[in-house]
Structure formats: C-alpha cells, structure tokens
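These notes are about the structure you will find just below.
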Amino acid sequence: MVVGDTLLDRDVEGVVNRLCPDSPVPVLDENNSVDRPGGAGLAALFAVGRGFEVALVTALADDEGGARLSSLLTAAGVQIYGLPLPGATPEKIRLRTRGRVLLRHDRGGPAGPPGEPSDAVLELLAGAAGILVSDYGRGVARLPALRVALANTTAPIVWDPHPRGPAAVPGVRLATPNEVEARELAGLASGGSRLAIASRCAQALRQRWRVGAVAVTLGGEGALLSHAGATPLAVASPTCADGDTCGAGDRFAAAATLALADGALVSEAVQQAVAEASGYVADGGVATAVPAASVAGPVHPAGKASRSTPAVGRPAPGSTPAVGGSAPGPVRTAPGSVPAVGGSAPGPVRAAGEAPSSAGTIRPGSAGRTRSGASGQGRTRVQDRSGAPVTAVGWSDRIGARAAGDVVARVRAAGGTVVATGGCFDLLHAGHVATLEAARQLGDCLVVCVNSDDSVTGLKGPDRPLVRHADRARLLAALGCVDAVLIFDESTPHAALSWLRPDVWVKGGDYGTGADGPDLPEAEILHRWGGNTVVVPYLDGRSTSEMIAAARAGGRPGGRAR
C-alpha cells in the first residue's frame with residue numbers, strides 16, 4: 001500500500017540548434033512529450049510492476065491532470081483510493097534534449113488541504129502487508145486520521161520524508177531521506193566528513209521521530225543505515241552508472257517496502273533497495289522502467305515536480321552528489337561482488353558541494369604504489385606514538401609502516417578520506433574480498449591491518465594460522481582495492497589505529513544488525529580523533545573456520561554452488 005502525494009510528470013523531448021534572438025538561451029524544438037505518474041504514483045507503479053497487488057491512497061484534483069493520472073494509474077493495475085484535492089493537479093514539466101534536462105517547469109500552485117480519508121481507506125491500512133508513505137510535502141501525510149491509522153497498524157512502514165512535510169509517525173520501521181533532506185530535517189550544524197554528517201543526521205532523526213531505522217541515501221555511493229546499534233551500516237552501490245536519476249529515490253523506497261513486507265530484516269531491505277535503485281539508473285531510469293504514454297496536443301495544467309532523489313549514480317567531479325546529475329562514464333560492476341556489497345572503488349569522497357582538492361584526485365588503487373626502494377625479506381619494527389611495536393614487512397612497497405604512512409600522508413594532503421579495516425585473513429576468500437571492496441568505496445585509500453602469526457595463534461589457538469603473515473600480506477597487497485597492508489603483533493589493532501588515525505574503520509559482519517547491538521570494539525579509539533566506525537554487509541556462507549573444518553572433514557567448502 002502506498003500513501004502520499006501524486007504528481008503528473010511530463011517529459012518534453014526536442015532538439016536545440018539555435019539561441020533565442022532576444023535572450024542568450026537555447027530554443028527547444030519539441031519532437032514529442034510523454035506523461036507519467038510521479039511521486040507516490042510512481043512508487044505505486046514500481047510496486048505493481050513487481051507483481052504485487054497495490055493500493056494507492058492519494059489526492060486527485062478535479063481537472064484534466066487528475067483525470068490523466070487516474071487513467072495512467074488504473075491502466076497500470078494500481079487500485080486508487082482517491083481523496084479530494086482543491087485546486088490544480090501538481091505537475092512537473094522537464095524540457096529535455098539528447099538525454100539531458102535543460103529546464104524544469106513546475107505548475108499547480110500552492111498545495112491545498114486534501115480531503116479526509118474514508119472508512120474504507122482506514123480499514124485498508126489496518127490490513128496492509130506493507131505500507132510506503134511517499135511524502136512530497138503537499139498534505140496527504142499530515143491528515144490526522146491517516147496518521148492515527150498508520151500509528152496503529154502492525155504492518156511494516158517505510159516513510160520517505162520531505163522537508164516541507166510532517167515528521168514520521170512513531171513506530172515506523174524505516175525512514176529514507178536523501179542526504180540533503182536529512183541535513184535539512186535534522187537541523188544539525190555541518191562539519192566533518194560526508195559520512196559523519198549523514199550518520200549524525202540519521203541518528204538524530206531516528207531518536208526524534210522514534211522510528212526503528214533511518215537510511216540516508218548517498219547518491220552513487222549507496223546508503224548509510226542507522227538503526228538500533230550505535231554503528232551504522234554502509235551499503236555501497238554495486239554499479240556506477242551515468243543516467244537519469246529521476247525517480248531513483250522512489251524506486252529505493254518501494255523496493256525497501258516490498259522487502260520488509262516479504263519478511264526481510266531492515267538491513268537486508270536496504271541492501272536490496274540499493275541494488276534495485278542502482279540497476280534502475282544503470283538500465284536507463286524512468287524512461288525504461290515505466291512505459292511512456294505519448295501525449296498529443298497542448299500541455300495540460302501543471303504544477304510541482306517529482307523529486308529526483310539521487311540514491312544512485314556517480315556525481316560529476318565538483319558537483320553536489322546528493323542534489324542530482326551524474327557524470328558520463330561506463331556502467332561497471334565489481335568483479336566477484338554481489339548486489340549491494342561490492343563495486344569498484346570510486347574517486348574521492350567529498351562533502352556535498354565541496355570542490356575537488358587542488359592537490360589533485362587520488363585515483364583508486366594507486367595511492368600506495370610509489371616505489372620505496374625497500375628490499376629484503378626481514379621483518380622490521382617501528383613504534384607508534386605510545387611506544388607499542390607495529391610489525392612491518394619490508395620486501396614490498398605496499399606492505400609495512402612506511403608504505404601505509406606514505407599512502408595516508410598523500411591522501412590527507414589531497415584532502416581525501418583514509419579508510420582502514422583489519423583481521424586475520426587466514427585463507428583469503430570471497431567474503432573477505434567483498435568486505436574489502438565495499439570498504440574501499442568509503443574513501444580514497446584502504447589500509448588493511450593484519451594480525452601477525454603470533455597474534456592469530458593467541459586468538460585462534462595453536463593450530464592457526466594456516467598461512468604465514470608474510471604470505472597473507474602479499475595476497476592482500478595484490479588486490480586492487482587495497483592500497484597498503486600493516487601487520488601488527490597485538491591482539492587488537494588499537495596501537496596501529498592510534499598511529500594511522502583513519503577517518504573510517506570498517507568491519508564486515510552483523511555488528512550493526514541486532515537490536516541494541518554494541519559498538520565495535522574500536523569505536524572508542526576512533527572517537528578520540530573524530531573518526532567513524534561502520535559495518536559493511538558480509539557475504540553469506542564464507543567463513544575461514546568453516547572452510548578449514550570442511551577441508552579436514554573432506555567436505556565441500558562454504559558458498560559453493562550445489
């Protein structure tokens with residue numbers, strides 16, 4: 001079930017081959033135009049396109065635009081529960097040429113108060129399997145009777161908010177603002193990295209609204225999920241696509257709602273939503289996803305636009321990633337990744353609106369590859385600021401304290417984000433690679449802290465490790481998503497972290513998926529310099545311990561197709 005404000009979207013396609021003689025603006029010669037439902041109507045189309053029975057509670061005006069919306073939605077199989085709407089139908093007109101938007105024209109005037117819902121609508125809400133509130137700030141989500149019914153339902157609710165709309169009702173399972181909306185709704189002072197700002201806003205909204213979770217969409221970088229645990233879950237986009245992002249936020253919210261209605265955990269629903277929204281843009285956006293109905297004759301009465309929430313798409317360098325637009329480039333999928341987990345490493349992560357650093361762009365996988373001249377097989381020891389030893393292996397220019405320090409210094413000088421992760425990495429497998437690829441997407445370099453042989457033995461027992469730390473480091477350094485490897489002897493990486501001082505510490509697993517889950521053990525250390533800890537999704541069925549047990553028992557390794 002979808003509840004919210006429906007708009008009439010119109011795309012006018014044409015060609016530009018001259019400027020206006022009385023003003024230096026392009027002249028668009030129209031070739032054709034197409035109509036589509038927007039806002040809550042578009043979300044309903046996405047849901048019905050997946051084969052679900054969908055009811056839409058929305059306000060429709062008594063004009064040609066309202067009739068057009070009713071016709072389009074009914075033809076698509078959406079059951080409309082209409083509310084009276086005074087005034088004109090809100091409409092968005094996009095003037096486009098060669099796949100680019102020249103101008104957006106909004107018409108319809110100020111939003112009037114919608115009429116009250118019927119008893120049938122309230123009964124429908126009580127029996128729904130899942131509910132999406134698609135708020136476009138035009139009044140439907142403010143109706144008191146609807147809000148009471150939403151607060152009393154047992155169905156999972158996804159609330160897609162709008163800065164001009166009301167707060168989500170208490171008990172909502174998931175709220176899905178984009179990062180610009182999250183900052184405006186939370187009203188927090190800016191400062192810190194993009195990831196830190198999104199995390200603070202999500203936590204503030206979750207507590208203020210008393211909702212179960214908040215997923216802040218981050219354009220081409222995926223989404224950041226804040227829920228019961230203190231550590232957010234960062235879900236990277238599996239593809240990098242150049243395309244029309246209009247409707248991507250609606251696709252994200254609809255996919256999350258369907259997943260929750262099907263019994264998925266919130267973390268699983270967000271991963272599925274990121275994957276679907278990414279694929280939506282990569283496949284051509286709304287023009288491909290929603291069959292267009294051609295329009296002949298003059299443009300109908302018009303109004304406000306459907307939001308273009310950039311939950312996916314690669315922002316152009318120097319642009320505001322959360323506001324829209326994507327840079328030209330091929331569609332890429334990370335080798336060996338799974339939806340919503342991996343992906344190739346992006347360029348520098350910057351705060352919204354921040355220009356690229358004058359020091360230049362840090363290219364993925366290249367930050368730590370300058371030759372250091374190190375040679376020999378011996379292990380050397382350096383000390384961190386507290387005097388604790390940090391073990392380094394000196395035969396590789398990507399392994400050891402010097403390599404890690406050089407990478408971190410270079411990225412910081414360029415204004416980039418330093419990401420670190422750690423673990424034993426005994427018997428490197430696909431789950432490790434998925435975690436490392438997802439971690440690399442969160443910044444401009446990735447330093448991997450690896451437990452030494454003695455450290456692994458102390459943690460895992462006398463039979464471990466199976467692979468020497470020198471070989472484990474060489475395997476990790478060979479991965480394109482890893483910029484440097486640092487080996488440490490202690491049972492925890494705290495000494496190494498105090499020296500590296502990464503901006504982001506990443507772990508793979510389910511630390512952040514349980515109710516009231518604890519902080520990551522490293523959270524207190526990172527807090528000392530304003531760093532952040534995040535969890536990225538792990539790849540099910542991949543475990544070093546299970547692989548070892550299966551090998552000893554003569555069975556199949558985990559994750560293998562049967």
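Chain labels run A, B, ... following the order of the structure tokens; each chain numbers its residues from 1, and ligands are numbered from 1 in the order shown.
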For the contact check between range 189-290 of chain A and range 147-169 of chain A, emit one row per residue of range 189-290 of chain A within 12 Å, containing the shortest atom pair and the distance in Å rounded to one decimal, counting only C-alpha atoms, chain then rising number order, as a tab-separated table.
residue	atom	partner	partner_atom	distance
A:Leu205	CA	A:Ala167	CA	9.1
A:Arg206	CA	A:Ala168	CA	9.7
A:Gln207	CA	A:Ala168	CA	11.3
A:Arg208	CA	A:Ala167	CA	8.9
A:Trp209	CA	A:Ala168	CA	6.1
A:Arg210	CA	A:Val169	CA	7.9
A:Val211	CA	A:Ala168	CA	7.6
A:Gly212	CA	A:Ile157	CA	9.9
A:Ala213	CA	A:Val158	CA	9.6
A:Val214	CA	A:Trp159	CA	9.2
A:Ala215	CA	A:Asp160	CA	9.9
A:Val216	CA	A:Asp160	CA	10.4
A:Thr217	CA	A:Asp160	CA	11.0
A:Gly249	CA	A:Asp160	CA	8.4
A:Asp250	CA	A:Asp160	CA	8.1
A:Arg251	CA	A:Asp160	CA	10.9
A:Phe252	CA	A:Asp160	CA	9.5
A:Ala253	CA	A:Asp160	CA	6.6
A:Ala254	CA	A:Val158	CA	8.3
A:Ala255	CA	A:Val158	CA	10.0
A:Ala256	CA	A:Val158	CA	7.4
A:Thr257	CA	A:Val158	CA	5.9
A:Leu258	CA	A:Val158	CA	9.6
A:Ala259	CA	A:Pro156	CA	9.9
A:Leu260	CA	A:Pro156	CA	6.4
A:Ala261	CA	A:Pro156	CA	6.5
A:Asp262	CA	A:Pro156	CA	9.9
A:Gly263	CA	A:Pro156	CA	9.2
A:Ala264	CA	A:Pro156	CA	10.4
A:Leu265	CA	A:Pro156	CA	10.7
A:Val266	CA	A:Pro156	CA	10.0
A:Ala269	CA	A:Val158	CA	10.5
A:Val270	CA	A:Val158	CA	10.9
A:Ala273	CA	A:Val158	CA	11.8
I need the residues from that last selection saved to file as a PDB file, in the first residue's frame (with C-alpha atoms), if you can.
ATOM      1  CA  LEU A 205      16.083  11.743  13.118  1.00  0.00           C
ATOM      2  CA  ARG A 206      15.746   8.201  14.433  1.00  0.00           C
ATOM      3  CA  GLN A 207      15.658   9.429  18.019  1.00  0.00           C
ATOM      4  CA  ARG A 208      13.481  12.484  17.338  1.00  0.00           C
ATOM      5  CA  TRP A 209      10.888  10.601  15.305  1.00  0.00           C
ATOM      6  CA  ARG A 210      11.087   7.415  17.395  1.00  0.00           C
ATOM      7  CA  VAL A 211      11.428   5.237  14.299  1.00  0.00           C
ATOM      8  CA  GLY A 212      13.201   1.921  14.043  1.00  0.00           C
ATOM      9  CA  ALA A 213      15.832   2.925  11.478  1.00  0.00           C
ATOM     10  CA  VAL A 214      16.878   5.707   9.098  1.00  0.00           C
ATOM     11  CA  ALA A 215      18.615   5.012   5.782  1.00  0.00           C
ATOM     12  CA  VAL A 216      20.238   8.105   4.276  1.00  0.00           C
ATOM     13  CA  THR A 217      20.744   7.661   0.532  1.00  0.00           C
ATOM     14  CA  GLY A 249      14.531   7.657  -4.516  1.00  0.00           C
ATOM     15  CA  ASP A 250      11.009   6.354  -5.160  1.00  0.00           C
ATOM     16  CA  ARG A 251      12.488   3.114  -6.500  1.00  0.00           C
ATOM     17  CA  PHE A 252      14.648   2.787  -3.372  1.00  0.00           C
ATOM     18  CA  ALA A 253      11.712   3.336  -1.001  1.00  0.00           C
ATOM     19  CA  ALA A 254       9.394   1.000  -2.920  1.00  0.00           C
ATOM     20  CA  ALA A 255      11.988  -1.787  -3.013  1.00  0.00           C
ATOM     21  CA  ALA A 256      12.631  -1.467   0.719  1.00  0.00           C
ATOM     22  CA  THR A 257       8.894  -1.616   1.447  1.00  0.00           C
ATOM     23  CA  LEU A 258       8.377  -4.742  -0.628  1.00  0.00           C
ATOM     24  CA  ALA A 259      11.338  -6.440   1.038  1.00  0.00           C
ATOM     25  CA  LEU A 260      10.042  -5.650   4.532  1.00  0.00           C
ATOM     26  CA  ALA A 261       6.559  -6.829   3.599  1.00  0.00           C
ATOM     27  CA  ASP A 262       8.171 -10.096   2.494  1.00  0.00           C
ATOM     28  CA  GLY A 263       9.766 -10.567   5.925  1.00  0.00           C
ATOM     29  CA  ALA A 264      13.266  -9.191   5.306  1.00  0.00           C
ATOM     30  CA  LEU A 265      15.348  -7.592   8.034  1.00  0.00           C
ATOM     31  CA  VAL A 266      15.832  -3.836   7.733  1.00  0.00           C
ATOM     32  CA  ALA A 269      15.797  -4.476   2.798  1.00  0.00           C
ATOM     33  CA  VAL A 270      18.249  -1.581   2.463  1.00  0.00           C
ATOM     34  CA  ALA A 273      16.851  -1.273  -2.252  1.00  0.00           C
TER      35      ALA A 273
END
DSSP on the backbone: which residues in range 19-253 of chain A end up as strand (DSSP E or B)? Give the answer as a CSV table (one decimal) with N, CA, C and O atoms, in the first residue's frame.
chain,number,residue,atom,x,y,z
A,19,LEU,N,20.0,29.8,-30.6
A,19,LEU,CA,19.7,30.5,-29.4
A,19,LEU,C,18.5,31.5,-29.7
A,19,LEU,O,18.3,31.9,-30.8
A,26,PRO,N,18.8,28.7,-25.0
A,26,PRO,CA,18.6,27.8,-26.1
A,26,PRO,C,17.1,27.8,-26.4
A,26,PRO,O,16.2,27.9,-25.6
A,27,VAL,N,16.8,27.5,-27.7
A,27,VAL,CA,15.4,27.3,-28.1
A,27,VAL,C,15.2,25.8,-28.4
A,27,VAL,O,16.0,25.1,-29.1
A,28,LEU,N,14.3,25.2,-27.7
A,28,LEU,CA,14.0,23.8,-27.8
A,28,LEU,C,12.8,23.6,-28.8
A,28,LEU,O,11.7,24.1,-28.6
A,29,ASP,N,13.1,22.9,-29.9
A,29,ASP,CA,12.1,22.5,-30.9
A,29,ASP,C,11.5,21.1,-30.5
A,29,ASP,O,12.2,20.1,-30.5
A,30,GLU,N,10.3,21.1,-30.0
A,30,GLU,CA,9.7,19.9,-29.5
A,30,GLU,C,9.4,18.9,-30.5
A,30,GLU,O,8.9,19.1,-31.6
A,31,ASN,N,9.8,17.6,-30.2
A,31,ASN,CA,9.5,16.5,-31.0
A,31,ASN,C,8.3,15.7,-30.5
A,31,ASN,O,7.4,15.2,-31.2
A,32,ASN,N,8.3,15.4,-29.2
A,32,ASN,CA,7.3,14.6,-28.6
A,32,ASN,C,7.3,14.9,-27.1
A,32,ASN,O,8.2,15.5,-26.5
A,33,SER,N,6.2,14.5,-26.4
A,33,SER,CA,6.1,14.5,-25.0
A,33,SER,C,5.4,13.3,-24.4
A,33,SER,O,4.6,12.7,-25.1
A,34,VAL,N,5.8,13.0,-23.2
A,34,VAL,CA,5.2,11.8,-22.6
A,34,VAL,C,4.8,12.1,-21.2
A,34,VAL,O,5.4,13.0,-20.5
A,35,ASP,N,3.7,11.5,-20.7
A,35,ASP,CA,3.2,11.7,-19.3
A,35,ASP,C,3.5,10.4,-18.5
A,35,ASP,O,3.4,9.3,-19.0
A,36,ARG,N,3.7,10.6,-17.2
A,36,ARG,CA,3.9,9.5,-16.3
A,36,ARG,C,3.4,10.0,-14.9
A,36,ARG,O,3.6,11.2,-14.6
A,37,PRO,N,2.9,9.1,-14.1
A,37,PRO,CA,2.6,9.5,-12.7
A,37,PRO,C,4.0,9.7,-12.0
A,37,PRO,O,5.0,9.0,-12.2
A,38,GLY,N,4.0,10.7,-11.1
A,38,GLY,CA,5.2,11.0,-10.3
A,38,GLY,C,4.9,10.9,-8.8
A,38,GLY,O,3.7,10.8,-8.4
A,39,GLY,N,5.9,11.0,-8.0
A,39,GLY,CA,5.7,11.0,-6.5
A,39,GLY,C,5.2,9.6,-6.1
A,39,GLY,O,5.7,8.6,-6.4
A,55,ALA,N,-2.5,-0.8,-3.6
A,55,ALA,CA,-3.5,0.2,-3.4
A,55,ALA,C,-2.8,1.6,-3.2
A,55,ALA,O,-1.8,1.6,-2.4
A,56,LEU,N,-3.3,2.6,-3.8
A,56,LEU,CA,-2.7,4.0,-3.7
A,56,LEU,C,-3.7,4.9,-3.0
A,56,LEU,O,-4.8,5.1,-3.6
A,57,VAL,N,-3.3,5.4,-1.9
A,57,VAL,CA,-4.2,6.5,-1.2
A,57,VAL,C,-3.5,7.8,-1.5
A,57,VAL,O,-2.4,8.1,-1.1
A,58,THR,N,-4.2,8.6,-2.3
A,58,THR,CA,-3.6,9.9,-2.8
A,58,THR,C,-4.7,10.9,-3.1
A,58,THR,O,-5.9,10.5,-3.2
A,59,ALA,N,-4.4,12.2,-3.2
A,59,ALA,CA,-5.3,13.2,-3.5
A,59,ALA,C,-5.3,13.5,-5.0
A,59,ALA,O,-4.2,13.8,-5.5
A,60,LEU,N,-6.5,13.6,-5.6
A,60,LEU,CA,-6.5,13.9,-7.1
A,60,LEU,C,-7.5,15.1,-7.3
A,60,LEU,O,-8.5,15.2,-6.7
A,61,ALA,N,-7.0,16.1,-8.1
A,61,ALA,CA,-7.8,17.3,-8.4
A,61,ALA,C,-8.9,17.0,-9.4
A,61,ALA,O,-8.7,16.0,-10.2
A,79,GLN,N,-4.8,0.2,-7.7
A,79,GLN,CA,-6.1,0.5,-7.1
A,79,GLN,C,-6.0,1.8,-6.5
A,79,GLN,O,-5.3,2.0,-5.5
A,80,ILE,N,-6.8,2.8,-7.0
A,80,ILE,CA,-6.7,4.1,-6.5
A,80,ILE,C,-7.8,4.4,-5.4
A,80,ILE,O,-9.0,4.1,-5.6
A,81,TYR,N,-7.3,4.9,-4.3
A,81,TYR,CA,-8.3,5.3,-3.2
A,81,TYR,C,-8.1,6.9,-3.1
A,81,TYR,O,-7.2,7.4,-2.4
A,82,GLY,N,-8.9,7.6,-3.9
A,82,GLY,CA,-8.7,9.0,-4.1
A,82,GLY,C,-9.3,9.8,-3.0
A,82,GLY,O,-10.4,9.5,-2.5
A,83,LEU,N,-8.6,10.9,-2.7
A,83,LEU,CA,-9.0,11.9,-1.7
A,83,LEU,C,-9.3,13.2,-2.5
A,83,LEU,O,-8.6,13.5,-3.5
A,84,PRO,N,-10.2,14.0,-2.1
A,84,PRO,CA,-10.4,15.3,-2.8
A,84,PRO,C,-9.2,16.2,-2.7
A,84,PRO,O,-8.6,16.3,-1.7
A,85,LEU,N,-8.9,16.9,-3.8
A,85,LEU,CA,-7.8,17.9,-3.8
A,85,LEU,C,-8.3,19.2,-4.4
A,85,LEU,O,-8.5,19.3,-5.6
A,91,GLU,N,2.1,19.4,-11.3
A,91,GLU,CA,2.7,18.8,-12.4
A,91,GLU,C,4.2,19.3,-12.6
A,91,GLU,O,4.5,20.5,-12.3
A,92,LYS,N,5.0,18.4,-13.0
A,92,LYS,CA,6.4,18.8,-13.4
A,92,LYS,C,6.6,18.6,-14.9
A,92,LYS,O,6.2,17.6,-15.4
A,93,ILE,N,7.2,19.6,-15.5
A,93,ILE,CA,7.5,19.5,-16.9
A,93,ILE,C,9.0,19.6,-17.0
A,93,ILE,O,9.6,20.6,-16.6
A,94,ARG,N,9.6,18.6,-17.6
A,94,ARG,CA,11.1,18.7,-17.9
A,94,ARG,C,11.3,18.8,-19.4
A,94,ARG,O,10.8,18.0,-20.2
A,95,LEU,N,12.0,19.9,-19.7
A,95,LEU,CA,12.4,20.1,-21.1
A,95,LEU,C,13.8,19.5,-21.3
A,95,LEU,O,14.8,19.8,-20.7
A,96,ARG,N,13.8,18.5,-22.3
A,96,ARG,CA,15.0,17.7,-22.4
A,96,ARG,C,15.5,17.6,-23.9
A,96,ARG,O,14.7,17.7,-24.8
A,97,THR,N,16.8,17.4,-24.0
A,97,THR,CA,17.4,17.2,-25.3
A,97,THR,C,18.6,16.3,-25.1
A,97,THR,O,19.4,16.5,-24.2
A,100,ARG,N,19.5,15.0,-21.7
A,100,ARG,CA,19.8,16.0,-20.7
A,100,ARG,C,18.6,16.9,-20.4
A,100,ARG,O,17.9,17.3,-21.4
A,101,VAL,N,18.5,17.3,-19.2
A,101,VAL,CA,17.4,18.3,-18.8
A,101,VAL,C,17.9,19.7,-19.0
A,101,VAL,O,18.9,20.1,-18.3
A,102,LEU,N,17.2,20.5,-19.8
A,102,LEU,CA,17.5,21.9,-19.9
A,102,LEU,C,16.9,22.7,-18.9
A,102,LEU,O,17.5,23.7,-18.3
A,103,LEU,N,15.6,22.4,-18.5
A,103,LEU,CA,14.8,23.3,-17.6
A,103,LEU,C,13.7,22.4,-17.0
A,103,LEU,O,13.2,21.5,-17.7
A,104,ARG,N,13.4,22.7,-15.8
A,104,ARG,CA,12.2,22.1,-15.1
A,104,ARG,C,11.2,23.1,-14.8
A,104,ARG,O,11.5,24.1,-14.2
A,105,HIS,N,10.0,22.9,-15.2
A,105,HIS,CA,8.9,23.9,-15.0
A,105,HIS,C,7.9,23.3,-14.1
A,105,HIS,O,7.2,22.3,-14.5
A,106,ASP,N,7.6,23.8,-13.0
A,106,ASP,CA,6.6,23.3,-12.0
A,106,ASP,C,5.4,24.2,-12.1
A,106,ASP,O,5.5,25.4,-12.1
A,107,ARG,N,4.2,23.6,-12.1
A,107,ARG,CA,2.9,24.3,-12.1
A,107,ARG,C,1.9,23.6,-11.2
A,107,ARG,O,2.1,22.4,-10.8
A,131,ILE,N,3.5,-0.8,4.0
A,131,ILE,CA,3.0,0.5,3.7
A,131,ILE,C,4.2,1.4,3.4
A,131,ILE,O,5.1,1.4,4.2
A,132,LEU,N,4.1,2.1,2.3
A,132,LEU,CA,5.1,3.2,2.0
A,132,LEU,C,4.3,4.5,2.0
A,132,LEU,O,3.4,4.7,1.3
A,133,VAL,N,4.8,5.4,2.9
A,133,VAL,CA,4.4,6.8,2.9
A,133,VAL,C,5.3,7.6,2.0
A,133,VAL,O,6.5,7.8,2.4
A,134,SER,N,4.8,8.1,0.9
A,134,SER,CA,5.6,8.8,-0.1
A,134,SER,C,5.2,10.3,0.0
A,134,SER,O,4.3,10.8,-0.6
A,157,ILE,N,6.2,-0.1,8.0
A,157,ILE,CA,6.0,1.2,7.3
A,157,ILE,C,7.4,1.7,6.9
A,157,ILE,O,8.3,1.8,7.7
A,158,VAL,N,7.5,2.1,5.7
A,158,VAL,CA,8.6,2.9,5.2
A,158,VAL,C,8.2,4.3,4.9
A,158,VAL,O,7.2,4.5,4.2
A,159,TRP,N,8.9,5.3,5.5
A,159,TRP,CA,8.5,6.7,5.4
A,159,TRP,C,9.5,7.4,4.6
A,159,TRP,O,10.6,7.6,5.0
A,160,ASP,N,9.1,7.9,3.4
A,160,ASP,CA,10.0,8.7,2.5
A,160,ASP,C,9.7,10.1,2.7
A,160,ASP,O,8.7,10.6,2.2
A,174,LEU,N,11.3,2.1,8.9
A,174,LEU,CA,12.4,2.7,8.2
A,174,LEU,C,12.0,4.0,7.5
A,174,LEU,O,11.0,4.1,6.9
A,175,ALA,N,12.8,5.0,7.8
A,175,ALA,CA,12.7,6.3,7.1
A,175,ALA,C,13.8,6.4,6.0
A,175,ALA,O,15.0,6.0,6.3
A,178,ASN,N,17.1,11.4,1.5
A,178,ASN,CA,18.4,11.6,0.9
A,178,ASN,C,19.3,12.5,1.8
A,178,ASN,O,18.8,13.0,2.8
A,214,VAL,N,16.8,4.7,10.1
A,214,VAL,CA,16.9,5.7,9.1
A,214,VAL,C,18.0,5.3,8.1
A,214,VAL,O,19.1,5.1,8.5
A,215,ALA,N,17.6,5.3,6.8
A,215,ALA,CA,18.6,5.0,5.8
A,215,ALA,C,18.8,6.3,5.0
A,215,ALA,O,17.8,6.7,4.3
A,216,VAL,N,20.0,6.9,5.0
A,216,VAL,CA,20.2,8.1,4.3
A,216,VAL,C,20.9,7.7,3.0
A,216,VAL,O,21.9,7.1,2.9
A,217,THR,N,20.2,8.0,1.8
A,217,THR,CA,20.7,7.7,0.5
A,217,THR,C,21.8,8.6,0.2
A,217,THR,O,21.7,9.8,0.4
A,223,ALA,N,24.0,3.9,0.4
A,223,ALA,CA,23.2,4.4,1.5
A,223,ALA,C,23.9,4.1,2.9
A,223,ALA,O,24.7,3.1,3.0
A,224,LEU,N,23.5,4.8,3.9
A,224,LEU,CA,24.0,4.6,5.2
A,224,LEU,C,22.8,4.4,6.1
A,224,LEU,O,22.0,5.2,6.3
A,225,LEU,N,22.8,3.2,6.8
A,225,LEU,CA,21.7,2.8,7.6
A,225,LEU,C,22.1,3.0,9.1
A,225,LEU,O,23.0,2.4,9.6
A,226,SER,N,21.2,3.7,9.8
A,226,SER,CA,21.4,3.9,11.3
A,226,SER,C,20.2,3.2,11.9
A,226,SER,O,19.0,3.6,11.6
A,233,LEU,N,25.4,1.0,9.2
A,233,LEU,CA,25.7,0.0,8.2
A,233,LEU,C,25.9,0.8,6.8
A,233,LEU,O,24.9,1.4,6.4
A,234,ALA,N,27.0,0.7,6.2
A,234,ALA,CA,27.3,1.4,4.9
A,234,ALA,C,27.1,0.4,3.8
A,234,ALA,O,27.7,-0.7,3.8
A,235,VAL,N,26.1,0.7,2.9
A,235,VAL,CA,25.8,-0.2,1.8
A,235,VAL,C,26.2,0.5,0.5
A,235,VAL,O,25.6,1.5,0.2
A,239,THR,N,26.9,-0.7,-8.8
A,239,THR,CA,27.2,-0.3,-10.1
A,239,THR,C,27.5,1.2,-10.1
A,239,THR,O,27.0,1.9,-9.2
A,240,CYS,N,28.3,1.7,-11.1
A,240,CYS,CA,28.5,3.1,-11.3
A,240,CYS,C,27.9,3.4,-12.6
A,240,CYS,O,28.3,2.9,-13.6
Counting only C-alpha atoms, which residues in range 469-494 of chain A sit no more than 8 Å from range 418-435 of chain A? For each one, give the nearest pair of atoms and the distance in Å, sorted by chain then residue number, as JSON lines.
{"residue": "A:Arg472", "atom": "CA", "partner": "A:Phe425", "partner_atom": "CA", "distance": 6.8}
{"residue": "A:Leu475", "atom": "CA", "partner": "A:Leu428", "partner_atom": "CA", "distance": 7.9}
{"residue": "A:Pro493", "atom": "CA", "partner": "A:Gly422", "partner_atom": "CA", "distance": 7.5}
Hey, which of A:Gly531, A:Pro21, A:Gly87, A:Gly51 ends up closest to Arg501 in chain A? Count only C-alpha atoms. A:Gly531
Looking only at helix (DSSP H, G or I) from DSSP on the backbone, list the matching residues of range 25-82 of chain A as a PyMOL selection string. chain A and resi 40-49+64-75
What does the file look like for those residues with C-alpha atoms, as an mmCIF file, in the first residue's frame?
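Below is the file that was written, result_29.cif:
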data_model
loop_
_atom_site.group_PDB
_atom_site.id
_atom_site.type_symbol
_atom_site.label_atom_id
_atom_site.label_comp_id
_atom_site.auth_asym_id
_atom_site.auth_seq_id
_atom_site.Cartn_x
_atom_site.Cartn_y
_atom_site.Cartn_z
ATOM 1 C CA ALA A 40 3.566 8.408 -4.716
ATOM 2 C CA GLY A 41 2.070 7.389 -8.054
ATOM 3 C CA LEU A 42 5.482 6.458 -9.430
ATOM 4 C CA ALA A 43 6.277 4.433 -6.300
ATOM 5 C CA ALA A 44 2.992 2.579 -6.768
ATOM 6 C CA LEU A 45 3.914 1.783 -10.384
ATOM 7 C CA PHE A 46 7.244 0.352 -9.238
ATOM 8 C CA ALA A 47 5.475 -1.912 -6.746
ATOM 9 C CA VAL A 48 2.792 -3.130 -9.118
ATOM 10 C CA GLY A 49 5.485 -3.790 -11.702
ATOM 11 C CA GLU A 64 -7.636 17.221 -16.712
ATOM 12 C CA GLY A 65 -4.400 16.448 -14.902
ATOM 13 C CA GLY A 66 -6.243 14.490 -12.216
ATOM 14 C CA ALA A 67 -8.148 12.557 -14.856
ATOM 15 C CA ARG A 68 -4.934 11.808 -16.697
ATOM 16 C CA LEU A 69 -3.288 10.479 -13.536
ATOM 17 C CA SER A 70 -6.296 8.297 -12.756
ATOM 18 C CA SER A 71 -6.223 6.858 -16.262
ATOM 19 C CA LEU A 72 -2.489 6.118 -16.220
ATOM 20 C CA LEU A 73 -2.540 4.505 -12.777
ATOM 21 C CA THR A 74 -5.644 2.406 -13.405
ATOM 22 C CA ALA A 75 -4.261 1.161 -16.717
#
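Here the question is which of A:Ala414, A:Ala230, A:Leu143, A:Cys481 gets nearest to Ala523 in chain A using only C-alpha atoms, and that residue is A:Ala230.
For the pair CA of Leu436 in chain A and CA of Arg398 in chain A, the separation is 15.7 Å.
Rounded to one decimal, CA of Arg194 in chain A and CA of Glu179 in chain A lie 8.9 Å from each other.
Interatomic distance, CA of Gly247 in chain A to CA of Leu195 in chain A: 23.3 Å.
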So, with only C-alpha atoms as the atoms that count, which of A:Arg468, A:Lys460, A:Lys507, A:Arg173 lies closest to Val448 in chain A? A:Lys507
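Among the candidates A:Val456, A:Ala196, A:Val467, A:Ala404, the one nearest to Val485 in chain A when counting only C-alpha atoms is A:Ala404.
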Quick one: residues within 7 Å of Gln271 in chain A, only C-alpha atoms, excluding same-chain residues fewer than 3 positions away - as a ChimeraX atom specification? /A:235,267-268,274-275,340
Save the residues we just selected, C-alpha atoms, as a PDB file, in the first residue's frame?
ATOM      1  CA  VAL A 235      25.790  -0.238   1.833  1.00  0.00           C
ATOM      2  CA  SER A 267      19.499  -4.309   6.792  1.00  0.00           C
ATOM      3  CA  GLU A 268      18.511  -6.806   4.082  1.00  0.00           C
ATOM      4  CA  VAL A 274      20.358  -0.024  -3.081  1.00  0.00           C
ATOM      5  CA  ALA A 275      20.808  -2.794  -5.636  1.00  0.00           C
ATOM      6  CA  ALA A 340      24.625  -4.077  -2.572  1.00  0.00           C
TER       7      ALA A 340
END
